[in-house]
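Enquirer: I'm passing along start.cif; it holds mmCIF, C-alpha atoms and all ligand atoms.
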```
data_run
loop_
_atom_site.label_atom_id
_atom_site.label_comp_id
_atom_site.auth_asym_id
_atom_site.auth_seq_id
_atom_site.Cartn_x
_atom_site.Cartn_y
_atom_site.Cartn_z
CA MET A 6 0.62 -14.10 75.37
CA SER A 7 -1.02 -16.70 77.49
CA SER A 8 -0.06 -16.60 81.17
CA GLU A 9 -1.28 -20.19 81.62
CA LEU A 10 1.79 -21.41 79.80
CA LEU A 11 5.19 -21.38 81.42
CA THR A 12 7.13 -18.70 79.54
CA VAL A 13 10.79 -19.44 78.94
CA ALA A 14 13.17 -16.68 77.77
CA MET A 15 15.88 -18.11 75.53
CA PRO A 16 19.03 -16.35 74.36
CA LYS A 17 19.32 -16.10 70.59
CA GLY A 18 22.74 -16.71 69.09
CA ARG A 19 25.61 -18.86 70.28
CA ILE A 20 24.00 -20.33 73.41
CA PHE A 21 20.69 -21.07 71.71
CA GLU A 22 21.55 -24.36 70.03
CA GLU A 23 23.11 -25.84 73.15
CA ALA A 24 20.17 -24.73 75.28
CA VAL A 25 17.66 -26.27 72.84
CA GLU A 26 19.64 -29.51 72.83
CA LEU A 27 19.63 -29.58 76.63
CA LEU A 28 15.86 -29.03 76.74
CA ARG A 29 15.29 -31.82 74.23
CA GLU A 30 17.48 -34.14 76.28
CA ALA A 31 15.40 -33.19 79.29
CA GLY A 32 12.36 -34.52 77.46
CA TYR A 33 10.85 -31.35 76.01
CA ASP A 34 9.44 -32.00 72.58
CA LEU A 35 10.48 -28.79 70.82
CA PRO A 36 9.16 -28.31 67.27
CA PRO A 37 11.43 -27.90 64.21
CA GLU A 38 10.71 -24.14 64.34
CA PHE A 39 13.44 -24.03 66.98
CA ASP A 40 16.06 -25.03 64.46
CA ASP A 41 15.24 -22.75 61.59
CA SER A 42 12.97 -19.81 62.24
CA ARG A 43 12.94 -16.06 62.73
CA LYS A 44 9.94 -16.25 65.03
CA LEU A 45 10.40 -14.54 68.38
CA ILE A 46 7.60 -16.34 70.21
CA ILE A 47 7.14 -20.07 69.83
CA GLU A 48 4.30 -21.82 71.64
CA VAL A 49 4.59 -25.47 72.63
CA PRO A 50 1.15 -25.97 74.19
CA GLN A 51 1.55 -29.76 74.45
CA SER A 52 4.35 -29.09 76.96
CA GLY A 53 2.44 -26.23 78.62
CA MET A 54 5.17 -23.82 77.52
CA GLN A 55 5.94 -20.89 75.30
CA PHE A 56 9.37 -19.59 74.43
CA ILE A 57 10.46 -16.02 73.80
CA LEU A 58 13.69 -15.55 71.90
CA ALA A 59 15.61 -12.54 73.18
CA LYS A 60 19.07 -11.02 72.87
CA PRO A 61 21.27 -12.81 75.43
CA MET A 62 21.92 -9.61 77.41
CA ASP A 63 18.14 -9.01 77.71
CA VAL A 64 17.08 -12.42 79.06
CA PRO A 65 17.35 -11.43 82.78
CA THR A 66 15.32 -8.27 82.04
CA TYR A 67 12.38 -10.30 80.68
CA VAL A 68 12.59 -12.64 83.66
CA GLU A 69 12.91 -9.86 86.25
CA HIS A 70 9.79 -8.15 84.89
CA GLY A 71 7.87 -11.41 84.93
CA VAL A 72 7.00 -11.50 81.24
CA ALA A 73 9.07 -14.66 81.24
CA ASP A 74 8.85 -17.03 84.20
CA VAL A 75 12.23 -18.61 83.64
CA GLY A 76 15.17 -18.19 81.30
CA VAL A 77 18.63 -19.22 80.22
CA ALA A 78 21.32 -16.60 80.75
CA GLY A 79 25.11 -16.57 80.72
CA LYS A 80 26.92 -15.89 83.98
CA ASP A 81 28.56 -12.93 82.20
CA VAL A 82 25.13 -11.41 81.60
CA MET A 83 24.04 -12.14 85.18
CA ILE A 84 27.06 -10.32 86.59
CA GLU A 85 26.67 -7.39 84.21
CA GLU A 86 22.92 -6.95 84.55
CA GLU A 87 22.44 -7.58 88.30
CA ARG A 88 18.75 -8.34 87.85
CA ASP A 89 16.43 -9.38 90.64
CA VAL A 90 16.04 -13.02 89.63
CA TYR A 91 16.93 -16.36 91.17
CA GLU A 92 19.86 -18.21 89.66
CA VAL A 93 18.69 -21.76 90.27
CA LEU A 94 20.91 -24.08 88.27
CA ASP A 95 24.28 -24.06 86.52
CA LEU A 96 23.46 -25.66 83.17
CA LYS A 97 27.17 -26.12 82.46
CA ILE A 98 26.70 -25.34 78.76
CA SER A 99 28.38 -22.68 76.63
CA SER A 100 31.43 -22.89 78.79
CA CYS A 101 33.94 -20.09 78.24
CA TYR A 102 35.74 -17.49 80.33
CA MET A 103 36.17 -13.77 80.71
CA ALA A 104 39.63 -12.36 80.09
CA VAL A 105 41.63 -9.18 79.67
CA ALA A 106 43.46 -9.09 76.33
CA ALA A 107 45.72 -6.69 74.46
CA LEU A 108 48.23 -6.43 71.63
CA PRO A 109 51.48 -8.27 72.40
CA THR A 110 53.22 -4.87 72.48
CA TYR A 111 51.04 -3.70 75.40
CA SER A 112 52.90 -2.79 78.55
CA PRO A 113 51.21 -1.60 81.72
CA GLY A 114 51.66 1.80 83.27
CA ARG A 115 52.12 3.91 80.17
CA ASP A 116 48.94 5.98 80.46
CA VAL A 117 47.40 7.90 83.34
CA ALA A 118 43.89 6.66 82.55
CA PRO A 119 44.29 3.65 80.27
CA LYS A 120 41.32 2.76 78.10
CA VAL A 121 39.62 -0.60 78.31
CA ALA A 122 36.93 -1.55 75.78
CA SER A 123 34.17 -4.00 76.63
CA LYS A 124 30.58 -5.06 76.13
CA TYR A 125 30.50 -5.41 79.92
CA PRO A 126 31.09 -1.95 81.45
CA LYS A 127 29.91 -2.83 84.95
CA LEU A 128 31.81 -6.09 85.23
CA THR A 129 34.92 -4.36 83.81
CA SER A 130 34.61 -1.40 86.15
CA ASP A 131 34.16 -3.67 89.22
CA TYR A 132 37.13 -5.80 88.19
CA PHE A 133 39.57 -2.93 87.79
CA ARG A 134 38.31 -1.21 90.95
CA GLU A 135 39.08 -4.41 92.88
CA GLN A 136 42.52 -4.47 91.29
CA GLY A 137 43.03 -0.86 92.42
CA GLU A 138 43.58 0.35 88.88
CA GLN A 139 41.87 3.40 87.45
CA VAL A 140 40.77 2.92 83.85
CA GLU A 141 38.48 4.60 81.38
CA ILE A 142 35.89 2.16 80.10
CA ILE A 143 34.73 2.34 76.52
CA LYS A 144 31.45 0.51 75.99
CA LEU A 145 31.12 -1.31 72.69
CA ASN A 146 28.39 -3.65 71.46
CA GLY A 147 30.50 -6.30 69.75
CA SER A 148 33.66 -6.98 67.72
CA ILE A 149 35.56 -5.82 70.81
CA GLU A 150 38.84 -7.24 69.45
CA LEU A 151 38.88 -4.37 66.94
CA ALA A 152 39.47 -1.76 69.66
CA PRO A 153 43.21 -2.33 70.43
CA ILE A 154 44.02 -2.85 66.74
CA VAL A 155 42.64 0.53 65.69
CA GLY A 156 43.87 2.30 68.83
CA LEU A 157 40.51 2.88 70.50
CA ALA A 158 41.64 1.14 73.70
CA ASP A 159 44.80 -0.49 75.08
CA ARG A 160 43.04 -3.50 76.52
CA ILE A 161 39.73 -5.31 76.16
CA VAL A 162 37.59 -7.35 78.53
CA ASP A 163 35.70 -10.03 76.66
CA ILE A 164 34.58 -13.63 76.49
CA VAL A 165 37.10 -16.17 75.24
CA SER A 166 35.72 -19.46 74.00
CA THR A 167 38.05 -21.17 71.53
CA GLY A 168 40.53 -18.27 71.50
CA GLN A 169 40.22 -18.06 67.72
CA THR A 170 39.07 -14.43 67.63
CA LEU A 171 42.04 -13.30 69.75
CA ARG A 172 44.49 -15.34 67.66
CA GLU A 173 43.17 -14.23 64.29
CA ASN A 174 43.37 -10.62 65.35
CA GLY A 175 46.84 -10.86 66.83
CA LEU A 176 45.79 -10.25 70.43
CA VAL A 177 47.05 -12.02 73.53
CA GLU A 178 45.32 -12.80 76.79
CA ILE A 179 46.94 -11.00 79.69
CA GLU A 180 44.64 -11.94 82.60
CA THR A 181 42.04 -14.66 83.06
CA MET A 182 39.13 -13.25 85.05
CA MET A 183 36.41 -15.83 85.66
CA PRO A 184 34.84 -18.96 84.17
CA ILE A 185 31.44 -18.52 82.51
CA THR A 186 28.61 -20.98 81.90
CA SER A 187 24.88 -20.61 81.25
CA ARG A 188 22.44 -20.51 84.15
CA PHE A 189 18.77 -21.37 84.56
CA ILE A 190 17.10 -18.33 86.10
CA VAL A 191 13.66 -17.88 87.63
CA ASN A 192 11.37 -14.95 88.39
CA PRO A 193 10.82 -14.90 92.21
CA VAL A 194 7.02 -14.49 91.96
CA SER A 195 6.69 -17.22 89.32
CA TYR A 196 8.70 -19.51 91.57
CA ARG A 197 5.77 -19.33 94.02
CA THR A 198 2.82 -19.19 91.61
CA LYS A 199 4.09 -21.82 89.16
CA ALA A 200 6.15 -23.85 91.62
CA ALA A 201 5.12 -27.30 90.36
CA GLN A 202 5.92 -26.55 86.71
CA ILE A 203 9.22 -24.83 87.54
CA ASP A 204 10.35 -27.50 90.02
CA ASP A 205 9.61 -30.15 87.40
CA MET A 206 11.70 -28.26 84.83
CA VAL A 207 14.61 -27.79 87.27
CA ASP A 208 14.49 -31.50 88.18
CA ARG A 209 14.51 -32.61 84.56
CA LEU A 210 17.35 -30.25 83.64
CA SER A 211 19.37 -31.26 86.73
CA VAL A 212 19.21 -34.91 85.71
CA VAL A 213 20.65 -34.11 82.27
CA VAL A 214 23.29 -31.72 83.64
CA ASN A 215 24.42 -34.24 86.26
CA LYS A 216 24.50 -37.08 83.75
CA GLU A 217 26.57 -35.08 81.26
CA ASN A 218 29.02 -33.81 83.86
CA ALA A 219 29.40 -37.03 85.87
C1 LIG B 1 32.21 -13.52 71.27
C2 LIG B 1 33.22 -12.77 72.11
C3 LIG B 1 34.48 -12.91 71.30
C4 LIG B 1 34.32 -14.28 70.67
C5 LIG B 1 35.10 -15.31 71.43
O1 LIG B 1 31.75 -12.68 70.28
O2 LIG B 1 32.81 -11.43 72.29
O3 LIG B 1 34.57 -11.93 70.31
O4 LIG B 1 32.94 -14.60 70.75
O5 LIG B 1 34.99 -16.59 70.88
P1 LIG B 1 36.27 -17.43 70.43
O6 LIG B 1 37.24 -17.40 71.58
O7 LIG B 1 35.73 -18.80 70.17
O8 LIG B 1 36.83 -16.79 69.20
P2 LIG B 1 30.49 -13.00 69.37
O9 LIG B 1 30.90 -13.88 68.23
O10 LIG B 1 29.40 -13.55 70.23
O11 LIG B 1 30.08 -11.64 68.74
P3 LIG B 1 30.36 -10.11 69.10
O12 LIG B 1 31.78 -9.83 68.72
O13 LIG B 1 29.39 -9.38 68.27
O14 LIG B 1 30.14 -9.93 70.58
#
```
Hey, can you dump this file as structure tokens for me?
Ligand code: PRP
Expert:
Amino acid sequence: MSSELLTVAMPKGRIFEEAVELLREAGYDLPPEFDDSRKLIIEVPQSGMQFILAKPMDVPTYVEHGVADVGVAGKDVMIEEERDVYEVLDLKISSCYMAVAALPTYSPGRDVAPKVASKYPKLTSDYFREQGEQVEIIKLNGSIELAPIVGLADRIVDIVSTGQTLRENGLVEIETMMPITSRFIVNPVSYRTKAAQIDDMVDRLSVVVNKENA
């Protein structure tokens, strides 16, 4: 990979489309490959950029290690991963929130060490420690809503966007934890060595974010 180009780590999946749209609105001429491709590295030399398409949870890892200069990562991922990167701008896209959910029949205080399933073990552990409640955390990689239904855990900690997944699986939200949006993150060394390029990108994105949230 060329280090001359500014390398941007993008999260594949849900956030991707919104992030691409935001970049296009910010004036980046992204090729059609962005809309329909399995490629993991896409070069856009005319913009002096290349994009790497990573799993959302891995974006801060690529940026921390400097193989990507900048990236787009959810606040959920930032809290969970605690990577050594700068969080420079709230892009205010992919807005959702983190919540505790359970079956409607759930009642607190039945178990000594109640089980909570989540894709976010650290965030979950920190949250319940702050609440002064001891729980056993069961780490899953997706389809978290399955856990209470099949009896793997009493409660889950997960992202709620439209609420459809909870509803369709007969779960109810019992605590709202924190709002989540996507962030623009920067590798600290790149912020010095590629300052002009990165500042320009932050400026362009800020204009779009401010315009859309005015
Ligand atoms: C996320 C999240 C919830 C769902 C919430 O899962 O973990 O399951 O979306 O969205 P909703 O409130 O609009 O229904 P995702 O689809 O990303 O896949 P996963 O279950 O594999 O994590």
Enquirer: Could you pull the residues within 8 Å of Met103 of chain A, counting all atoms listed in the file, minus those fewer than 2 positions along the same chain, as a VMD selection string?
Expert: chain A and resid 81 101 105 162 to 165 181 to 185
Enquirer: Taking all atoms listed in the file into account, name the residue in A:Gly168, A:Pro50, A:Gly137, A:Gly156 that is nearest to ligand LIG 1 (chain B).
Expert: A:Gly168
Enquirer: Distance cut-off 12 Å, centre (9.7, -32.0, 73.4) in file coordinates, counting all atoms listed in the file: which residues qualify? Return them as a list in words.
Expert: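 Taken together, the residues in range are Val25, Glu26, Leu27, Leu28, Arg29, Glu30, Ala31, Gly32, Tyr33, Asp34, Leu35, Pro36, Pro37, Phe39, Glu48, Val49, Pro50, Gln51, Ser52, Gly53, Met54 and Gln55 of chain A.
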Enquirer: What is the atom CA of Tyr102 of chain A-atom CA of Ile149 of chain A distance in Å, reported with one decimal?
Expert: 15.1 Å
Enquirer: Can you sort out the box for segment 198-207 of chain A, edges along x, y and z, all listed atoms in, 5 Å on every side, with centre and edge lengths in Å to one decimal, as lines of an AutoDock Vina configuration file?
Expert:
```
center_x = 8.7
center_y = -24.7
center_z = 88.2
size_x = 21.8
size_y = 21.0
size_z = 16.8
```
Enquirer: Using all atoms listed in the file, determine which residues lie at most 7 Å from Asn192 of chain A, disregarding the query and same-chain residues fewer than 6 positions distant; provide the list as a VMD selection string.
Expert: chain A and resid 68 to 69 71 74 to 75 90 to 91
Enquirer: To one decimal in Å, tell me the separation between atom CA of Glu173 of chain A and atom O5 of ligand LIG 1 (chain B).
Expert: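 Here the two named atoms are 10.8 Å from each other.
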Enquirer: What does the structure give for the distance between atom CA of Gln169 of chain A and atom C5 of ligand LIG 1 (chain B), in Å to one decimal?
Expert: 6.9 Å
Enquirer: Name the residues in contact with Leu145 of chain A at a cut-off of 9 Å, using all atoms listed in the file, excluding same-chain residues fewer than 6 positions from it; report them as a VMD selection string.
Expert: chain A and resid 122 to 126 152
Enquirer: Taking all atoms listed in the file into account, which of A:Ala78, A:Lys60, A:Gly18, A:Glu92 comes nearest Asp40 of chain A?
Expert: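 Closest to Asp40 of chain A of all the choices is A:Gly18.
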Enquirer: Given the choices A:Glu38, A:Glu9, A:Glu150, A:Asp159, which gets closest to ligand LIG 1 (chain B) if the distance is worked out from all atoms listed in the file?
Expert: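 Ranking A:Glu38, A:Glu9, A:Glu150, A:Asp159 by distance to ligand LIG 1 (chain B), first place goes to A:Glu150.
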Enquirer: Using only C-alpha atoms, which residues sit within 8 Å of Phe56 of chain A once same-chain residues fewer than 2 positions away are excluded, as a PyMOL selection string?
Expert: chain A and resi 12-15+45-49+54+58
Enquirer: With C-alpha atoms kept, could you save the residues just selected as an mmCIF file, in the frame of the given file?
Expert:
```cif
data_model
loop_
_atom_site.group_PDB
_atom_site.id
_atom_site.type_symbol
_atom_site.label_atom_id
_atom_site.label_comp_id
_atom_site.auth_asym_id
_atom_site.auth_seq_id
_atom_site.Cartn_x
_atom_site.Cartn_y
_atom_site.Cartn_z
ATOM 1 C CA THR A 12 7.130 -18.700 79.540
ATOM 2 C CA VAL A 13 10.790 -19.440 78.940
ATOM 3 C CA ALA A 14 13.170 -16.680 77.770
ATOM 4 C CA MET A 15 15.880 -18.110 75.530
ATOM 5 C CA LEU A 45 10.400 -14.540 68.380
ATOM 6 C CA ILE A 46 7.600 -16.340 70.210
ATOM 7 C CA ILE A 47 7.140 -20.070 69.830
ATOM 8 C CA GLU A 48 4.300 -21.820 71.640
ATOM 9 C CA VAL A 49 4.590 -25.470 72.630
ATOM 10 C CA MET A 54 5.170 -23.820 77.520
ATOM 11 C CA LEU A 58 13.690 -15.550 71.900
#
```
Enquirer: Near Asn218 of chain A, within 12 Å and counting only C-alpha atoms, which residues show up once chain neighbours fewer than 2 positions away are dropped, as a PyMOL selection string?
Expert: chain A and resi 95-98+211-216
Enquirer: Kindly complete segment 184-200 of chain A to N, CA, C and O atoms; the output should be written as a PDB file, in the coordinates of the input.
Expert:
```
ATOM      1  N   PRO A 184      35.500 -18.030  85.087  1.00  0.00           N
ATOM      2  CA  PRO A 184      34.840 -18.960  84.170  1.00  0.00           C
ATOM      3  C   PRO A 184      33.371 -18.571  83.999  1.00  0.00           C
ATOM      4  O   PRO A 184      32.757 -18.014  84.925  1.00  0.00           O
ATOM      5  N   ILE A 185      32.838 -18.870  82.824  1.00  0.00           N
ATOM      6  CA  ILE A 185      31.440 -18.520  82.510  1.00  0.00           C
ATOM      7  C   ILE A 185      30.715 -19.744  81.976  1.00  0.00           C
ATOM      8  O   ILE A 185      31.248 -20.455  81.124  1.00  0.00           O
ATOM      9  N   THR A 186      29.509 -19.971  82.479  1.00  0.00           N
ATOM     10  CA  THR A 186      28.610 -20.980  81.900  1.00  0.00           C
ATOM     11  C   THR A 186      27.194 -20.393  81.901  1.00  0.00           C
ATOM     12  O   THR A 186      26.953 -19.341  82.520  1.00  0.00           O
ATOM     13  N   SER A 187      26.271 -21.092  81.260  1.00  0.00           N
ATOM     14  CA  SER A 187      24.880 -20.610  81.250  1.00  0.00           C
ATOM     15  C   SER A 187      24.131 -21.063  82.486  1.00  0.00           C
ATOM     16  O   SER A 187      24.365 -22.161  82.992  1.00  0.00           O
ATOM     17  N   ARG A 188      23.217 -20.231  82.934  1.00  0.00           N
ATOM     18  CA  ARG A 188      22.440 -20.510  84.150  1.00  0.00           C
ATOM     19  C   ARG A 188      20.950 -20.555  83.839  1.00  0.00           C
ATOM     20  O   ARG A 188      20.474 -19.866  82.945  1.00  0.00           O
ATOM     21  N   PHE A 189      20.235 -21.343  84.628  1.00  0.00           N
ATOM     22  CA  PHE A 189      18.770 -21.370  84.560  1.00  0.00           C
ATOM     23  C   PHE A 189      18.274 -20.377  85.611  1.00  0.00           C
ATOM     24  O   PHE A 189      18.601 -20.499  86.796  1.00  0.00           O
ATOM     25  N   ILE A 190      17.537 -19.385  85.173  1.00  0.00           N
ATOM     26  CA  ILE A 190      17.100 -18.330  86.100  1.00  0.00           C
ATOM     27  C   ILE A 190      15.576 -18.292  86.207  1.00  0.00           C
ATOM     28  O   ILE A 190      14.862 -18.699  85.282  1.00  0.00           O
ATOM     29  N   VAL A 191      15.098 -17.814  87.342  1.00  0.00           N
ATOM     30  CA  VAL A 191      13.660 -17.880  87.630  1.00  0.00           C
ATOM     31  C   VAL A 191      13.188 -16.554  88.229  1.00  0.00           C
ATOM     32  O   VAL A 191      13.862 -15.952  89.076  1.00  0.00           O
ATOM     33  N   ASN A 192      12.009 -16.118  87.793  1.00  0.00           N
ATOM     34  CA  ASN A 192      11.370 -14.950  88.390  1.00  0.00           C
ATOM     35  C   ASN A 192      10.865 -15.323  89.793  1.00  0.00           C
ATOM     36  O   ASN A 192      10.200 -16.363  89.956  1.00  0.00           O
ATOM     37  N   PRO A 193      11.178 -14.524  90.828  1.00  0.00           N
ATOM     38  CA  PRO A 193      10.820 -14.900  92.210  1.00  0.00           C
ATOM     39  C   PRO A 193       9.319 -15.114  92.427  1.00  0.00           C
ATOM     40  O   PRO A 193       8.930 -16.023  93.173  1.00  0.00           O
ATOM     41  N   VAL A 194       8.469 -14.312  91.778  1.00  0.00           N
ATOM     42  CA  VAL A 194       7.020 -14.490  91.960  1.00  0.00           C
ATOM     43  C   VAL A 194       6.554 -15.774  91.267  1.00  0.00           C
ATOM     44  O   VAL A 194       5.801 -16.568  91.834  1.00  0.00           O
ATOM     45  N   SER A 195       7.057 -15.986  90.042  1.00  0.00           N
ATOM     46  CA  SER A 195       6.690 -17.220  89.320  1.00  0.00           C
ATOM     47  C   SER A 195       7.100 -18.459  90.092  1.00  0.00           C
ATOM     48  O   SER A 195       6.423 -19.493  90.030  1.00  0.00           O
ATOM     49  N   TYR A 196       8.218 -18.340  90.835  1.00  0.00           N
ATOM     50  CA  TYR A 196       8.700 -19.510  91.570  1.00  0.00           C
ATOM     51  C   TYR A 196       7.680 -19.932  92.639  1.00  0.00           C
ATOM     52  O   TYR A 196       7.649 -21.098  93.041  1.00  0.00           O
ATOM     53  N   ARG A 197       6.844 -18.983  93.069  1.00  0.00           N
ATOM     54  CA  ARG A 197       5.770 -19.330  94.020  1.00  0.00           C
ATOM     55  C   ARG A 197       4.509 -19.756  93.287  1.00  0.00           C
ATOM     56  O   ARG A 197       3.907 -20.781  93.605  1.00  0.00           O
ATOM     57  N   THR A 198       4.118 -18.949  92.249  1.00  0.00           N
ATOM     58  CA  THR A 198       2.820 -19.190  91.610  1.00  0.00           C
ATOM     59  C   THR A 198       2.839 -20.381  90.637  1.00  0.00           C
ATOM     60  O   THR A 198       1.791 -20.960  90.353  1.00  0.00           O
ATOM     61  N   LYS A 199       3.996 -20.690  90.101  1.00  0.00           N
ATOM     62  CA  LYS A 199       4.090 -21.820  89.160  1.00  0.00           C
ATOM     63  C   LYS A 199       5.118 -22.823  89.659  1.00  0.00           C
ATOM     64  O   LYS A 199       5.880 -23.402  88.882  1.00  0.00           O
ATOM     65  N   ALA A 200       5.119 -23.023  90.970  1.00  0.00           N
ATOM     66  CA  ALA A 200       6.150 -23.850  91.620  1.00  0.00           C
ATOM     67  C   ALA A 200       6.249 -25.249  91.037  1.00  0.00           C
ATOM     68  O   ALA A 200       7.354 -25.735  90.763  1.00  0.00           O
TER      69      ALA A 200
END
```
